[in-house]
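File shown: target33.tsv (TSV, N, CA and C atoms).
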```
chain	number	residue	atom	x	y	z
K	1	MET	N	-3.74	2.85	16.16
K	1	MET	CA	-3.53	1.90	15.10
K	1	MET	C	-4.69	1.97	14.09
K	2	TRP	N	-5.89	2.25	14.55
K	2	TRP	CA	-7.04	2.26	13.66
K	2	TRP	C	-7.40	3.64	13.15
K	3	ARG	N	-6.67	4.67	13.57
K	3	ARG	CA	-7.04	6.04	13.18
K	3	ARG	C	-6.95	6.27	11.69
K	4	TRP	N	-5.86	5.88	11.07
K	4	TRP	CA	-5.69	6.16	9.64
K	4	TRP	C	-6.63	5.36	8.75
K	5	PRO	N	-6.83	4.07	8.99
K	5	PRO	CA	-7.82	3.36	8.16
K	5	PRO	C	-9.23	3.92	8.32
K	6	ILE	N	-9.60	4.30	9.54
K	6	ILE	CA	-10.93	4.90	9.75
K	6	ILE	C	-11.01	6.24	9.05
K	7	ALA	N	-9.96	7.05	9.15
K	7	ALA	CA	-9.95	8.35	8.48
K	7	ALA	C	-10.06	8.19	6.96
K	8	LEU	N	-9.35	7.24	6.39
K	8	LEU	CA	-9.44	7.01	4.95
K	8	LEU	C	-10.82	6.48	4.55
K	9	GLY	N	-11.41	5.67	5.40
K	9	GLY	CA	-12.76	5.18	5.14
K	9	GLY	C	-13.80	6.29	5.18
K	10	LEU	N	-13.70	7.17	6.18
K	10	LEU	CA	-14.61	8.30	6.26
K	10	LEU	C	-14.41	9.27	5.10
K	11	LEU	N	-13.17	9.47	4.71
K	11	LEU	CA	-12.88	10.33	3.57
K	11	LEU	C	-13.49	9.75	2.29
K	12	SER	N	-13.35	8.46	2.10
K	12	SER	CA	-13.94	7.80	0.92
K	12	SER	C	-15.46	7.89	0.95
K	13	ALA	N	-16.06	7.65	2.11
K	13	ALA	CA	-17.52	7.70	2.22
K	13	ALA	C	-18.04	9.11	1.94
K	14	SER	N	-17.35	10.12	2.47
K	14	SER	CA	-17.80	11.49	2.21
K	14	SER	C	-17.62	11.86	0.74
K	15	GLY	N	-16.58	11.35	0.10
K	15	GLY	CA	-16.38	11.59	-1.32
K	15	GLY	C	-17.44	10.93	-2.17
K	16	LEU	N	-17.81	9.71	-1.82
K	16	LEU	CA	-18.87	9.02	-2.57
K	16	LEU	C	-20.22	9.72	-2.39
K	17	LEU	N	-20.53	10.09	-1.16
K	17	LEU	CA	-21.78	10.79	-0.90
K	17	LEU	C	-21.82	12.14	-1.60
K	18	SER	N	-20.72	12.85	-1.56
K	18	SER	CA	-20.64	14.15	-2.23
K	18	SER	C	-20.79	14.02	-3.74
K	19	ALA	N	-20.22	12.99	-4.32
K	19	ALA	CA	-20.35	12.78	-5.76
K	19	ALA	C	-21.78	12.47	-6.15
K	20	LEU	N	-22.52	11.84	-5.26
K	20	LEU	CA	-23.90	11.46	-5.57
K	20	LEU	C	-24.89	12.61	-5.43
K	21	VAL	N	-24.68	13.48	-4.46
K	21	VAL	CA	-25.74	14.44	-4.13
K	21	VAL	C	-25.43	15.90	-4.42
K	22	SER	N	-24.23	16.26	-4.82
K	22	SER	CA	-23.95	17.68	-4.98
K	22	SER	C	-23.26	17.97	-6.31
K	23	ASP	N	-23.29	19.23	-6.68
K	23	ASP	CA	-22.62	19.72	-7.88
K	23	ASP	C	-21.66	20.84	-7.49
K	24	GLY	N	-20.82	21.23	-8.43
K	24	GLY	CA	-19.90	22.35	-8.17
K	24	GLY	C	-18.80	21.96	-7.22
K	25	TRP	N	-18.84	22.54	-6.02
K	25	TRP	CA	-17.79	22.26	-5.03
K	25	TRP	C	-17.82	20.79	-4.62
K	26	GLY	N	-19.00	20.16	-4.67
K	26	GLY	CA	-19.11	18.75	-4.30
K	26	GLY	C	-18.35	17.84	-5.25
K	27	ASP	N	-18.32	18.22	-6.53
K	27	ASP	CA	-17.55	17.44	-7.49
K	27	ASP	C	-16.05	17.52	-7.19
K	28	ALA	N	-15.60	18.74	-6.87
K	28	ALA	CA	-14.19	18.91	-6.53
K	28	ALA	C	-13.84	18.14	-5.25
K	29	TRP	N	-14.74	18.21	-4.25
K	29	TRP	CA	-14.50	17.48	-3.00
K	29	TRP	C	-14.46	15.97	-3.25
K	30	SER	N	-15.37	15.49	-4.10
K	30	SER	CA	-15.40	14.05	-4.35
K	30	SER	C	-14.11	13.58	-5.03
K	31	TRP	N	-13.60	14.37	-5.97
K	31	TRP	CA	-12.33	14.01	-6.61
K	31	TRP	C	-11.19	13.97	-5.59
K	32	LEU	N	-11.15	14.98	-4.74
K	32	LEU	CA	-10.10	15.02	-3.72
K	32	LEU	C	-10.26	13.89	-2.71
K	33	ALA	N	-11.48	13.71	-2.21
K	33	ALA	CA	-11.72	12.71	-1.16
K	33	ALA	C	-11.53	11.29	-1.66
K	34	LEU	N	-11.81	11.05	-2.93
K	34	LEU	CA	-11.62	9.70	-3.47
K	34	LEU	C	-10.20	9.49	-4.01
K	35	GLY	N	-9.50	10.57	-4.30
K	35	GLY	CA	-8.14	10.45	-4.81
K	35	GLY	C	-7.10	10.24	-3.73
K	36	VAL	N	-7.33	10.82	-2.55
K	36	VAL	CA	-6.34	10.70	-1.46
K	36	VAL	C	-6.14	9.24	-1.05
K	37	PRO	N	-7.20	8.45	-0.80
K	37	PRO	CA	-6.94	7.04	-0.45
K	37	PRO	C	-6.22	6.26	-1.55
K	38	VAL	N	-6.50	6.58	-2.80
K	38	VAL	CA	-5.81	5.90	-3.90
K	38	VAL	C	-4.33	6.26	-3.88
K	39	LEU	N	-4.01	7.53	-3.66
K	39	LEU	CA	-2.61	7.94	-3.58
K	39	LEU	C	-1.89	7.30	-2.39
K	40	VAL	N	-2.58	7.21	-1.26
K	40	VAL	CA	-1.98	6.58	-0.08
K	40	VAL	C	-1.70	5.11	-0.36
K	41	MET	N	-2.66	4.42	-0.98
K	41	MET	CA	-2.44	3.00	-1.30
K	41	MET	C	-1.32	2.82	-2.31
K	42	ALA	N	-1.25	3.71	-3.30
K	42	ALA	CA	-0.17	3.62	-4.28
K	42	ALA	C	1.18	3.88	-3.62
K	43	TRP	N	1.23	4.85	-2.73
K	43	TRP	CA	2.48	5.17	-2.03
K	43	TRP	C	3.00	3.96	-1.25
K	44	PHE	N	2.13	3.35	-0.46
K	44	PHE	CA	2.57	2.23	0.35
K	44	PHE	C	2.69	0.94	-0.46
K	45	GLY	N	1.98	0.83	-1.56
K	45	GLY	CA	2.09	-0.36	-2.39
K	45	GLY	C	3.34	-0.39	-3.24
K	46	LEU	N	3.85	0.78	-3.61
K	46	LEU	CA	5.01	0.85	-4.48
K	46	LEU	C	6.33	0.96	-3.72
K	47	ARG	N	6.25	1.19	-2.42
K	47	ARG	CA	7.49	1.24	-1.64
K	47	ARG	C	8.10	-0.13	-1.57
K	48	ARG	N	9.42	-0.17	-1.58
K	48	ARG	CA	10.11	-1.46	-1.45
K	48	ARG	C	10.17	-1.82	0.02
K	49	PRO	N	9.76	-3.03	0.38
K	49	PRO	CA	9.80	-3.43	1.79
K	49	PRO	C	11.24	-3.63	2.27
K	50	ALA	N	11.47	-3.34	3.52
K	50	ALA	CA	12.79	-3.56	4.11
K	50	ALA	C	12.99	-5.06	4.27
K	51	ARG	N	14.13	-5.54	3.87
K	51	ARG	CA	14.40	-6.97	3.93
K	51	ARG	C	15.45	-7.23	4.98
K	52	CYS	N	15.01	-7.60	6.16
K	52	CYS	CA	15.93	-7.86	7.27
K	52	CYS	C	16.76	-9.11	7.03
K	53	ALA	N	16.19	-10.08	6.36
K	53	ALA	CA	16.90	-11.35	6.17
K	53	ALA	C	18.12	-11.16	5.27
K	54	GLU	N	18.03	-10.29	4.28
K	54	GLU	CA	19.16	-10.08	3.39
K	54	GLU	C	20.30	-9.37	4.10
K	55	ALA	N	19.98	-8.52	5.05
K	55	ALA	CA	21.03	-7.82	5.78
K	55	ALA	C	21.81	-8.76	6.68
K	56	SER	N	21.12	-9.75	7.27
K	56	SER	CA	21.81	-10.65	8.19
K	56	SER	C	22.41	-11.85	7.49
K	57	ASP	N	21.83	-12.28	6.38
K	57	ASP	CA	22.30	-13.47	5.68
K	57	ASP	C	22.37	-13.18	4.19
K	58	PRO	N	23.56	-13.10	3.60
K	58	PRO	CA	23.66	-12.78	2.18
K	58	PRO	C	22.97	-13.79	1.28
K	59	GLY	N	22.83	-15.03	1.72
K	59	GLY	CA	22.16	-16.03	0.91
K	59	GLY	C	20.66	-15.89	0.92
K	60	GLY	N	20.11	-15.17	1.90
K	60	GLY	CA	18.68	-14.95	1.98
K	60	GLY	C	17.90	-16.05	2.65
K	61	ALA	N	18.57	-17.11	3.13
K	61	ALA	CA	17.87	-18.22	3.77
K	61	ALA	C	18.20	-18.24	5.25
K	62	SER	N	17.64	-17.29	6.00
K	62	SER	CA	17.96	-17.22	7.42
K	62	SER	C	17.02	-18.06	8.26
K	63	THR	N	15.87	-18.49	7.72
K	63	THR	CA	14.95	-19.32	8.46
K	63	THR	C	14.80	-20.66	7.75
K	64	PRO	N	14.39	-21.69	8.47
K	64	PRO	CA	14.22	-22.99	7.82
K	64	PRO	C	13.16	-22.95	6.71
K	65	ALA	N	12.10	-22.16	6.90
K	65	ALA	CA	11.07	-22.08	5.86
K	65	ALA	C	11.64	-21.43	4.61
K	66	ALA	N	12.45	-20.40	4.80
K	66	ALA	CA	13.06	-19.74	3.65
K	66	ALA	C	14.07	-20.66	2.97
K	67	ALA	N	14.77	-21.46	3.75
K	67	ALA	CA	15.74	-22.37	3.16
K	67	ALA	C	15.04	-23.45	2.35
K	68	GLY	N	13.88	-23.92	2.83
K	68	GLY	CA	13.15	-24.93	2.09
K	68	GLY	C	12.55	-24.40	0.81
K	69	SER	N	12.08	-23.16	0.82
K	69	SER	CA	11.48	-22.61	-0.39
K	69	SER	C	12.53	-22.10	-1.36
K	70	ALA	N	13.76	-21.94	-0.91
K	70	ALA	CA	14.82	-21.44	-1.79
K	70	ALA	C	15.16	-22.46	-2.88
K	71	ALA	N	14.86	-23.73	-2.64
K	71	ALA	CA	15.16	-24.75	-3.64
K	71	ALA	C	14.30	-24.60	-4.88
K	72	PHE	N	13.14	-23.95	-4.74
K	72	PHE	CA	12.23	-23.80	-5.87
K	72	PHE	C	12.43	-22.49	-6.62
K	73	LEU	N	13.27	-21.61	-6.10
K	73	LEU	CA	13.52	-20.31	-6.73
K	73	LEU	C	14.79	-20.38	-7.55
K	74	PRO	N	14.83	-19.71	-8.71
K	74	PRO	CA	16.06	-19.69	-9.48
K	74	PRO	C	17.14	-18.92	-8.74
K	75	ASP	N	18.34	-19.42	-8.80
K	75	ASP	CA	19.47	-18.80	-8.13
K	75	ASP	C	20.20	-17.90	-9.12
K	76	SER	N	20.33	-16.64	-8.77
K	76	SER	CA	20.97	-15.70	-9.71
K	76	SER	C	22.49	-15.85	-9.73
K	77	ARG	N	23.04	-16.63	-8.80
K	77	ARG	CA	24.49	-16.80	-8.76
K	77	ARG	C	24.98	-17.89	-9.70
K	78	THR	N	24.09	-18.78	-10.15
K	78	THR	CA	24.52	-19.86	-11.02
K	78	THR	C	24.03	-19.57	-12.44
K	79	PRO	N	24.86	-19.86	-13.44
K	79	PRO	CA	24.42	-19.62	-14.82
K	79	PRO	C	23.33	-20.61	-15.22
K	80	SER	N	22.44	-20.15	-16.08
K	80	SER	CA	21.33	-21.00	-16.54
K	80	SER	C	21.73	-21.82	-17.74
```
Translate this file's structure into structure tokens.
Amino acid sequence: MWRWPIALGLLSASGLLSALVSDGWGDAWSWLALGVPVLVMAWFGLRRPARCAEASDPGGASTPAAAGSAAFLPDSRTPS
């Protein structure tokens, strides 16, 4: 469970250190090492989450908490 966050942290740390102390290949490594975590975060941040509640309940209010908060959300089924 902790392997990927630790790997991304080590990759970021090596990229930062490389950017500070080296030239040439170190610059290329720093761009790569600092760009990979950003791409991973963008990939997982832009993915649409799976919505289990919509699959089981077309109204979207399958739990009492969701039913209570639904009163404050605009309903797309009724005209404004």
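Counting from atom N of Met41 (chain K), the distance to atom N of Asp23 (chain K) is 26.0 Å.
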- Skipping near chain neighbours, those fewer than 3 positions away, what residues fall within 5 Å of region 8-17 of chain K using all atoms listed in the file, listed as a ChimeraX atom specification? /K:4-5,20-21,30,33-34
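Here CA of Ser18 (chain K) and atom C of Leu32 (chain K) stand 10.4 Å from one another.
Picture a line from CA of Trp29 (chain K) to CA of Met1 (chain K); it runs 26.3 Å.
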